[in-house]
Amino acid sequence: MPTDTLSQAVTGVAPFVRRHRVCFWILALTGVTVLLVTAYLFTDVTGSWDYVVQLRTRKLAAMLLVAVAVATATVLFQTVTENRILTPAIMGLDALYVLIQTVVVYLFGASALAATDPVLRWTVEIVVLVLFATALFQWIFTGAGRSIHLLVLVGVLFGVLFRSVTHLLQRMIDPAEFVVLQDAFFASFSVSERLLGLSAVTITFAAAGLVLIGRQLDVLVLGRAHAIGLGVHHRQLVAIVFALVSVLVAVSTALVGPITFLGLIVANLAYHLIGSHRHWHTIPAAILLAVIFLVGGHLLLERVFDLGTVLAVVIEFVGGIFFLILVTRKGTR
Amino acid sequence: MIVLQSVTKRYADTAVVDDVSIELGHPGITSVIGANGAGKSTLLSMIGRLLLIDSGTITVDGLDVTTTRGALLARRLAVLRQDNHLTARLTVRDLVAFGRFPHGRGRLGPSDREAIDRAIDYLDLDPVGGRFLDELSGGQRQRAFLAMTLAQDTEYLLLDEPLNSLDLRHCVQTMRLLRRAADDLGKRIVLVLHDINFAAAYSDRIVAMRAGRIHVAGKPTEVITTAVLRQVYGLDIAVDEFGGHPMAIYHL
């Protein structure tokens, strides 16, 4: 029977093709990333070579860290919420980060913000964020509803609350101090080496945590019921993921301020290109795409458009359109 | 055995499952029947760790379901529910491979691949093994999920309304298949059924629930009777016999 042989061939060939599709795209994206990074570092150097390359390396490091944090956080968040048009920004974690900074400036003044040991400040901020995420999680998930959607919805409300309180406090702050504060949240990639080091360390820890739960995450694509049936401790896993996501969001917000749509674009493009449910495949692809977007965008803006606009604006604009396309195409998925 | 002791589940003040003590998982097929809201699915969900138990204990082969590690239980008990919505695109083979998760924590060894092949073969899914689930018919998708639970290689298999939204042909195929799995593979199957005649024809044991309690449990001939059905469903249903099975005539 020709149809039988054909379908048998298809059965045998399909996984083969798929494995190579993952390899192909990861390699292609890595290639593009390397090209862009090289172009960013070494082209169009005027003046002191050392100075320029050093400055660019620092910016580049910031972009790489943000790419890792945003892409990973978004993919993780979408996996546990079983929804591909949500991003962690909806939970108000970045809003909480901004609120913490604002409260410190409001209570102790901008000089206090600058004077405190950055390592200490960083640790305290991360701990507060993780505590918030965990407390929210414990409160909602152990209650009667135990629904992840309730959790997200409450997160949305907290986000609005945090933003409102932030705005209120910022209006009450001394204008001179407000400028310092505003400077801290402006999405620029010129950050201190100290902050870069701290972010890198934090992300390494988060990545280590991720490796431990990676395979359990894959099972979550089947949904909560099947995951539990297959022996995944769902509640614990979701708690860990929320903690990881809050750390990653804190890192990227600390580095460049809130970015909403970048994660959404890269995560969905990664799913689309890779066509695999494995996080071991989708997360690296999403990270590479994020690097391509950030570095490529910077190249375009700095070298082609002569800094006509800010990268964040472009990403949010493109991302917003992309989001609308996703919503209209996929409906509630 | 799956042993339930004074198991209760309440929503607000209403006990959906009310002080139930019973042993499930005898060899062969056990069907749980009862009207909507009698607590059948809630009972199954508690055994499958999808719902917390308010009071009482459930053990599977002596392992308490609330305290035992999930992976350990997942090697003894497979659960299949009807909400098979997936966010990712998976092939049939990918899905069936998930059944091996409790055994290798996601790493597939040769014995796992063998089990996957066997399950796919057992459900005649070979021709569609590489196809994506969203390209399959409802019946095929159902079989793919069944293959996943078979690949899980457990003694107990819990199914919540496996005949939902299947046509007559697929209903009969599914029931024959479960019967075969019980007889050939030694699976102990517990399933929630709405069609009492399927329950009567394929089960070794039927448990009838009413208002959160076990009303009767026993052989099909003991449970599918006009008297019991009147109490369980509030309808006068004539029961006849066909090929050794009691058959309820409830369409008239």
# chains A, B, ... in the order shown; residues from 1 in each chain; ligands from 1

call {"tool": "closest_atom_pairs", "arguments": {"of": "chain B", "to": "chain A", "cutoff": "8 Å", "atoms": "only C-alpha atoms", "output": "Markdown table"}}
result
| residue | atom | partner | partner_atom | distance |
| --- | --- | --- | --- | --- |
| B:Gly48 | CA | A:Gly229 | CA | 6.5 |
| B:Arg49 | CA | A:Ile228 | CA | 7.0 |
| B:Leu50 | CA | A:Ala225 | CA | 6.4 |
| B:Arg69 | CA | A:Gly231 | CA | 7.6 |
| B:Gly70 | CA | A:Gly231 | CA | 4.0 |
| B:Ala71 | CA | A:Gly231 | CA | 4.0 |
| B:Leu72 | CA | A:Gly231 | CA | 7.2 |
| B:Leu73 | CA | A:Gly231 | CA | 6.8 |
| B:Ala74 | CA | A:Gly231 | CA | 5.0 |
| B:Leu77 | CA | A:Gly229 | CA | 7.9 |
| B:Ala78 | CA | A:Gly229 | CA | 6.1 |
| B:Val79 | CA | A:Gly229 | CA | 5.6 |
| B:Leu80 | CA | A:His226 | CA | 7.4 |
| B:Arg81 | CA | A:Ala225 | CA | 7.6 |
| B:Asn84 | CA | A:Leu222 | CA | 7.7 |
| B:His85 | CA | A:Gly223 | CA | 7.4 |
| B:Leu86 | CA | A:Leu222 | CA | 5.6 |
| B:Thr87 | CA | A:Val221 | CA | 6.0 |
| B:Ala88 | CA | A:His277 | CA | 6.1 |
| B:Arg89 | CA | A:His277 | CA | 7.2 |
| B:Leu90 | CA | A:His277 | CA | 7.2 |
| B:Phe98 | CA | A:Val219 | CA | 7.0 |
| B:Gly99 | CA | A:Leu230 | CA | 7.0 |
| B:Phe101 | CA | A:Leu230 | CA | 6.5 |
| B:Pro102 | CA | A:Leu230 | CA | 5.8 |
| B:Arg105 | CA | A:Arg215 | CA | 7.0 |
| B:Gly106 | CA | A:Arg215 | CA | 5.7 |
| B:Asp126 | CA | A:Gln8 | CA | 7.6 |
| B:Pro127 | CA | A:Ser7 | CA | 5.7 |
| B:Val128 | CA | A:Thr11 | CA | 6.9 |
| B:Gly129 | CA | A:Thr11 | CA | 5.7 |
| B:Gly130 | CA | A:Thr11 | CA | 4.4 |
| B:Arg131 | CA | A:Thr11 | CA | 7.5 |

call {"tool": "write_last_selection", "arguments": {"atoms": "C-alpha atoms", "output": "mmCIF file, in the first residue's frame"}}
result
data_model
loop_
_atom_site.group_PDB
_atom_site.id
_atom_site.type_symbol
_atom_site.label_atom_id
_atom_site.label_comp_id
_atom_site.auth_asym_id
_atom_site.auth_seq_id
_atom_site.Cartn_x
_atom_site.Cartn_y
_atom_site.Cartn_z
ATOM 1 C CA GLY B 48 -5.700 11.816 41.159
ATOM 2 C CA ARG B 49 -4.383 14.644 43.435
ATOM 3 C CA LEU B 50 -6.107 17.331 41.386
ATOM 4 C CA ARG B 69 5.949 11.987 46.192
ATOM 5 C CA GLY B 70 4.122 12.631 42.935
ATOM 6 C CA ALA B 71 6.542 10.653 40.785
ATOM 7 C CA LEU B 72 6.139 7.559 42.945
ATOM 8 C CA LEU B 73 2.349 7.691 42.677
ATOM 9 C CA ALA B 74 2.537 8.410 38.958
ATOM 10 C CA LEU B 77 -1.681 5.406 38.986
ATOM 11 C CA ALA B 78 -2.424 7.113 35.682
ATOM 12 C CA VAL B 79 -5.259 9.618 35.359
ATOM 13 C CA LEU B 80 -6.919 10.733 32.172
ATOM 14 C CA ARG B 81 -9.346 13.619 32.171
ATOM 15 C CA ASN B 84 -7.207 17.917 26.705
ATOM 16 C CA HIS B 85 -6.434 21.471 25.667
ATOM 17 C CA LEU B 86 -2.786 22.002 24.814
ATOM 18 C CA THR B 87 -0.876 25.253 24.431
ATOM 19 C CA ALA B 88 1.933 23.745 22.370
ATOM 20 C CA ARG B 89 1.802 21.768 19.148
ATOM 21 C CA LEU B 90 2.771 18.192 19.871
ATOM 22 C CA PHE B 98 5.296 12.177 28.191
ATOM 23 C CA GLY B 99 3.848 8.994 29.695
ATOM 24 C CA PHE B 101 8.116 11.089 32.502
ATOM 25 C CA PRO B 102 7.484 9.499 35.933
ATOM 26 C CA ARG B 105 12.194 12.267 34.709
ATOM 27 C CA GLY B 106 12.132 13.265 31.043
ATOM 28 C CA ASP B 126 1.545 3.825 14.076
ATOM 29 C CA PRO B 127 0.309 5.537 10.897
ATOM 30 C CA VAL B 128 -0.204 8.857 12.673
ATOM 31 C CA GLY B 129 2.719 8.757 15.122
ATOM 32 C CA GLY B 130 4.438 11.752 13.541
ATOM 33 C CA ARG B 131 1.302 13.808 13.013
#

call {"tool": "residues_around", "arguments": {"residues": "Leu178 of chain B", "least_positions_apart": "3", "cutoff": "9 Å", "atoms": "only C-alpha atoms", "output": "PyMOL selection string"}}
result
chain B and resi 29+173-175+181-183+187+189+202

call {"tool": "residues_around", "arguments": {"residues": "Leu157 of chain A", "least_positions_apart": "4", "cutoff": "8 Å", "atoms": "only C-alpha atoms", "output": "list of chain:residue names"}}
result
A:Gly92, A:Leu153, A:Leu161

call {"tool": "select_by_dssp", "arguments": {"residues": "segment 23-241 of chain B", "states": "alpha helix (DSSP H)", "output": "PyMOL selection string"}}
result
chain B and resi 40-47+70-74+92-98+101-104+110-122+138-151+168-184+196-202+220-223+226-233

call {"tool": "write_last_selection", "arguments": {"atoms": "C-alpha atoms", "output": "PDB file, in the first residue's frame"}}
result
ATOM      1  CA  LYS B  40     -18.141  11.060  40.753  1.00  0.00           C
ATOM      2  CA  SER B  41     -15.617  13.372  39.106  1.00  0.00           C
ATOM      3  CA  THR B  42     -14.766  15.034  42.421  1.00  0.00           C
ATOM      4  CA  LEU B  43     -13.968  11.620  43.856  1.00  0.00           C
ATOM      5  CA  LEU B  44     -11.715  10.773  40.914  1.00  0.00           C
ATOM      6  CA  SER B  45     -10.031  14.184  41.064  1.00  0.00           C
ATOM      7  CA  MET B  46      -9.160  13.653  44.728  1.00  0.00           C
ATOM      8  CA  ILE B  47      -7.659  10.238  44.024  1.00  0.00           C
ATOM      9  CA  GLY B  70       4.122  12.631  42.935  1.00  0.00           C
ATOM     10  CA  ALA B  71       6.542  10.653  40.785  1.00  0.00           C
ATOM     11  CA  LEU B  72       6.139   7.559  42.945  1.00  0.00           C
ATOM     12  CA  LEU B  73       2.349   7.691  42.677  1.00  0.00           C
ATOM     13  CA  ALA B  74       2.537   8.410  38.958  1.00  0.00           C
ATOM     14  CA  VAL B  92       1.365  11.878  18.840  1.00  0.00           C
ATOM     15  CA  ARG B  93       4.788  10.436  19.644  1.00  0.00           C
ATOM     16  CA  ASP B  94       5.767  13.479  21.719  1.00  0.00           C
ATOM     17  CA  LEU B  95       2.573  13.110  23.696  1.00  0.00           C
ATOM     18  CA  VAL B  96       2.975   9.390  24.300  1.00  0.00           C
ATOM     19  CA  ALA B  97       6.589   9.994  25.345  1.00  0.00           C
ATOM     20  CA  PHE B  98       5.296  12.177  28.191  1.00  0.00           C
ATOM     21  CA  PHE B 101       8.116  11.089  32.502  1.00  0.00           C
ATOM     22  CA  PRO B 102       7.484   9.499  35.933  1.00  0.00           C
ATOM     23  CA  HIS B 103      10.004   6.783  35.103  1.00  0.00           C
ATOM     24  CA  GLY B 104      12.959   8.675  33.653  1.00  0.00           C
ATOM     25  CA  PRO B 110      15.840   2.257  25.384  1.00  0.00           C
ATOM     26  CA  SER B 111      13.212   0.717  27.679  1.00  0.00           C
ATOM     27  CA  ASP B 112      11.225   3.952  27.542  1.00  0.00           C
ATOM     28  CA  ARG B 113      11.308   4.001  23.757  1.00  0.00           C
ATOM     29  CA  GLU B 114      10.141   0.412  23.771  1.00  0.00           C
ATOM     30  CA  ALA B 115       7.216   1.258  26.050  1.00  0.00           C
ATOM     31  CA  ILE B 116       6.290   4.189  23.808  1.00  0.00           C
ATOM     32  CA  ASP B 117       6.385   1.993  20.710  1.00  0.00           C
ATOM     33  CA  ARG B 118       4.278  -0.648  22.446  1.00  0.00           C
ATOM     34  CA  ALA B 119       1.641   1.869  23.529  1.00  0.00           C
ATOM     35  CA  ILE B 120       1.461   3.430  20.068  1.00  0.00           C
ATOM     36  CA  ASP B 121       1.227  -0.007  18.524  1.00  0.00           C
ATOM     37  CA  TYR B 122      -1.417  -1.170  21.015  1.00  0.00           C
ATOM     38  CA  GLY B 138     -11.456  13.525  18.090  1.00  0.00           C
ATOM     39  CA  GLY B 139     -11.338   9.740  18.296  1.00  0.00           C
ATOM     40  CA  GLN B 140      -7.679   9.562  17.295  1.00  0.00           C
ATOM     41  CA  ARG B 141      -6.742  12.277  19.764  1.00  0.00           C
ATOM     42  CA  GLN B 142      -8.531  10.371  22.506  1.00  0.00           C
ATOM     43  CA  ARG B 143      -6.548   7.268  21.601  1.00  0.00           C
ATOM     44  CA  ALA B 144      -3.312   9.250  21.643  1.00  0.00           C
ATOM     45  CA  PHE B 145      -4.012  10.364  25.211  1.00  0.00           C
ATOM     46  CA  LEU B 146      -4.914   6.788  26.138  1.00  0.00           C
ATOM     47  CA  ALA B 147      -1.602   5.673  24.649  1.00  0.00           C
ATOM     48  CA  MET B 148       0.162   8.181  26.884  1.00  0.00           C
ATOM     49  CA  THR B 149      -1.458   6.699  29.990  1.00  0.00           C
ATOM     50  CA  LEU B 150      -0.612   3.170  28.811  1.00  0.00           C
ATOM     51  CA  ALA B 151       3.013   4.189  28.271  1.00  0.00           C
ATOM     52  CA  LEU B 168     -21.120   5.586  18.963  1.00  0.00           C
ATOM     53  CA  ARG B 169     -18.411   3.807  17.002  1.00  0.00           C
ATOM     54  CA  HIS B 170     -15.599   5.396  18.985  1.00  0.00           C
ATOM     55  CA  CYS B 171     -17.459   4.751  22.239  1.00  0.00           C
ATOM     56  CA  VAL B 172     -17.630   1.048  21.491  1.00  0.00           C
ATOM     57  CA  GLN B 173     -14.000   0.996  20.315  1.00  0.00           C
ATOM     58  CA  THR B 174     -12.831   2.737  23.478  1.00  0.00           C
ATOM     59  CA  MET B 175     -14.747   0.358  25.753  1.00  0.00           C
ATOM     60  CA  ARG B 176     -13.476  -2.717  23.877  1.00  0.00           C
ATOM     61  CA  LEU B 177      -9.984  -1.367  24.116  1.00  0.00           C
ATOM     62  CA  LEU B 178     -10.248  -0.793  27.859  1.00  0.00           C
ATOM     63  CA  ARG B 179     -11.665  -4.293  28.288  1.00  0.00           C
ATOM     64  CA  ARG B 180      -8.701  -5.648  26.325  1.00  0.00           C
ATOM     65  CA  ALA B 181      -6.240  -3.641  28.429  1.00  0.00           C
ATOM     66  CA  ALA B 182      -7.844  -4.982  31.593  1.00  0.00           C
ATOM     67  CA  ASP B 183      -7.786  -8.589  30.385  1.00  0.00           C
ATOM     68  CA  ASP B 184      -4.445  -8.748  28.509  1.00  0.00           C
ATOM     69  CA  ILE B 196     -25.209   2.897  32.238  1.00  0.00           C
ATOM     70  CA  ASN B 197     -25.480   0.283  29.504  1.00  0.00           C
ATOM     71  CA  PHE B 198     -21.801   0.639  28.602  1.00  0.00           C
ATOM     72  CA  ALA B 199     -21.124   0.292  32.312  1.00  0.00           C
ATOM     73  CA  ALA B 200     -23.337  -2.807  32.496  1.00  0.00           C
ATOM     74  CA  ALA B 201     -21.794  -4.450  29.440  1.00  0.00           C
ATOM     75  CA  TYR B 202     -18.082  -3.885  30.091  1.00  0.00           C
ATOM     76  CA  PRO B 220     -23.543  -5.140  37.217  1.00  0.00           C
ATOM     77  CA  THR B 221     -26.501  -7.449  37.871  1.00  0.00           C
ATOM     78  CA  GLU B 222     -26.719  -6.154  41.434  1.00  0.00           C
ATOM     79  CA  VAL B 223     -26.509  -2.466  40.531  1.00  0.00           C
ATOM     80  CA  THR B 226     -35.009  -0.873  38.367  1.00  0.00           C
ATOM     81  CA  ALA B 227     -34.977  -0.295  42.123  1.00  0.00           C
ATOM     82  CA  VAL B 228     -31.406   1.029  42.312  1.00  0.00           C
ATOM     83  CA  LEU B 229     -31.755   3.169  39.195  1.00  0.00           C
ATOM     84  CA  ARG B 230     -34.917   4.745  40.609  1.00  0.00           C
ATOM     85  CA  GLN B 231     -33.015   5.787  43.708  1.00  0.00           C
ATOM     86  CA  VAL B 232     -29.932   6.942  41.806  1.00  0.00           C
ATOM     87  CA  TYR B 233     -31.514   8.778  38.891  1.00  0.00           C
TER      88      TYR B 233
END

call {"tool": "select_by_dssp", "arguments": {"residues": "segment 185-247 of chain B", "states": "strand (DSSP E)", "output": "PyMOL selection string"}}
result
chain B and resi 188-192+205-210+213-218+238-242+245-247

call {"tool": "write_last_selection", "arguments": {"atoms": "N, CA and C atoms", "output": "CSV table (one decimal), in the first residue's frame"}}
result
chain,number,residue,atom,x,y,z
B,188,ARG,N,-5.9,-2.3,36.1
B,188,ARG,CA,-7.1,-2.1,36.9
B,188,ARG,C,-7.7,-0.8,36.6
B,189,ILE,N,-8.8,-0.8,36.0
B,189,ILE,CA,-9.4,0.5,35.4
B,189,ILE,C,-10.6,1.0,36.2
B,190,VAL,N,-10.6,2.2,36.6
B,190,VAL,CA,-11.7,2.8,37.2
B,190,VAL,C,-12.2,4.0,36.3
B,191,LEU,N,-13.4,4.0,35.9
B,191,LEU,CA,-13.9,5.0,35.0
B,191,LEU,C,-15.2,5.6,35.4
B,192,VAL,N,-15.4,6.9,35.2
B,192,VAL,CA,-16.7,7.5,35.4
B,192,VAL,C,-17.5,7.4,34.1
B,205,ARG,N,-17.4,-4.5,37.9
B,205,ARG,CA,-18.0,-3.9,39.1
B,205,ARG,C,-18.5,-2.5,38.9
B,206,ILE,N,-19.7,-2.2,39.5
B,206,ILE,CA,-20.2,-0.9,39.3
B,206,ILE,C,-20.4,-0.2,40.6
B,207,VAL,N,-20.0,1.0,40.7
B,207,VAL,CA,-20.3,1.8,42.0
B,207,VAL,C,-21.3,2.9,41.6
B,208,ALA,N,-22.4,2.9,42.3
B,208,ALA,CA,-23.4,3.9,42.0
B,208,ALA,C,-23.4,5.0,43.1
B,209,MET,N,-23.2,6.3,42.7
B,209,MET,CA,-23.1,7.3,43.7
B,209,MET,C,-24.4,8.2,43.7
B,210,ARG,N,-24.7,8.7,44.8
B,210,ARG,CA,-25.9,9.5,44.9
B,210,ARG,C,-25.7,10.6,46.0
B,213,ARG,N,-22.5,10.3,48.2
B,213,ARG,CA,-22.3,9.1,49.0
B,213,ARG,C,-22.3,7.9,48.0
B,214,ILE,N,-21.7,6.8,48.4
B,214,ILE,CA,-21.8,5.6,47.7
B,214,ILE,C,-23.1,5.0,48.0
B,215,HIS,N,-23.9,4.8,46.9
B,215,HIS,CA,-25.3,4.3,47.1
B,215,HIS,C,-25.2,2.7,47.2
B,216,VAL,N,-24.7,2.2,46.1
B,216,VAL,CA,-24.5,0.7,46.0
B,216,VAL,C,-23.2,0.4,45.3
B,217,ALA,N,-22.6,-0.7,45.6
B,217,ALA,CA,-21.4,-1.1,44.8
B,217,ALA,C,-21.5,-2.6,44.7
B,218,GLY,N,-21.3,-3.1,43.5
B,218,GLY,CA,-21.4,-4.6,43.3
B,218,GLY,C,-21.3,-5.0,41.8
B,238,ALA,N,-37.0,0.4,33.0
B,238,ALA,CA,-37.1,-1.0,32.9
B,238,ALA,C,-35.7,-1.6,32.6
B,239,VAL,N,-35.4,-2.7,33.2
B,239,VAL,CA,-34.1,-3.4,33.0
B,239,VAL,C,-34.4,-4.8,32.4
B,240,ASP,N,-33.8,-5.0,31.3
B,240,ASP,CA,-33.9,-6.3,30.6
B,240,ASP,C,-32.6,-7.0,30.6
B,241,GLU,N,-32.5,-8.2,30.0
B,241,GLU,CA,-31.2,-8.9,29.9
B,241,GLU,C,-30.8,-9.2,28.5
B,242,PHE,N,-29.6,-8.9,28.1
B,242,PHE,CA,-29.2,-9.3,26.8
B,242,PHE,C,-27.8,-9.8,26.8
B,245,HIS,N,-25.8,-9.6,30.0
B,245,HIS,CA,-25.7,-8.3,30.7
B,245,HIS,C,-27.0,-7.7,30.9
B,246,PRO,N,-27.2,-7.0,32.1
B,246,PRO,CA,-28.4,-6.3,32.3
B,246,PRO,C,-28.4,-5.0,31.3
B,247,MET,N,-29.5,-4.7,30.7
B,247,MET,CA,-29.6,-3.6,29.8
B,247,MET,C,-30.8,-2.7,30.3

call {"tool": "atom_distance", "arguments": {"atom1": "atom CA of Val128 of chain A", "atom2": "atom CA of Met63 of chain A"}}
result
24.5 Å

call {"tool": "atom_distance", "arguments": {"atom1": "atom CA of Thr72 of chain A", "atom2": "atom CA of Ile283 of chain A"}}
result
5.8 Å

call {"tool": "residues_around", "arguments": {"residues": "Glu23 of chain B", "least_positions_apart": "5", "cutoff": "8 Å", "atoms": "only C-alpha atoms", "output": "list of chain:residue names"}}
result
B:Met1, B:Ile2, B:Val3, B:Leu4

call {"tool": "write_last_selection", "arguments": {"atoms": "N, CA and C atoms", "output": "PDB file, in the first residue's frame"}}
result
ATOM      1  N   MET B   1      -4.544  -1.733  46.004  1.00  0.00           N
ATOM      2  CA  MET B   1      -5.916  -1.211  46.018  1.00  0.00           C
ATOM      3  C   MET B   1      -5.917   0.281  46.317  1.00  0.00           C
ATOM      4  N   ILE B   2      -6.947   0.944  45.837  1.00  0.00           N
ATOM      5  CA  ILE B   2      -7.156   2.346  46.166  1.00  0.00           C
ATOM      6  C   ILE B   2      -8.184   2.379  47.294  1.00  0.00           C
ATOM      7  N   VAL B   3      -7.731   2.799  48.474  1.00  0.00           N
ATOM      8  CA  VAL B   3      -8.607   2.746  49.640  1.00  0.00           C
ATOM      9  C   VAL B   3      -8.987   4.152  50.078  1.00  0.00           C
ATOM     10  N   LEU B   4     -10.286   4.427  50.128  1.00  0.00           N
ATOM     11  CA  LEU B   4     -10.772   5.719  50.598  1.00  0.00           C
ATOM     12  C   LEU B   4     -11.384   5.530  51.980  1.00  0.00           C
TER      13      LEU B   4
END

call {"tool": "atom_distance", "arguments": {"atom1": "atom CA of Leu264 of chain A", "atom2": "atom CA of Val70 of chain A"}}
result
9.1 Å

call {"tool": "residues_around", "arguments": {"residues": "segment 32-46 of chain A", "least_positions_apart": "5", "cutoff": "7 Å", "atoms": "only C-alpha atoms", "output": "PyMOL selection string"}}
result
chain A and resi 52-53+56-57+288+291-292+295-296+299
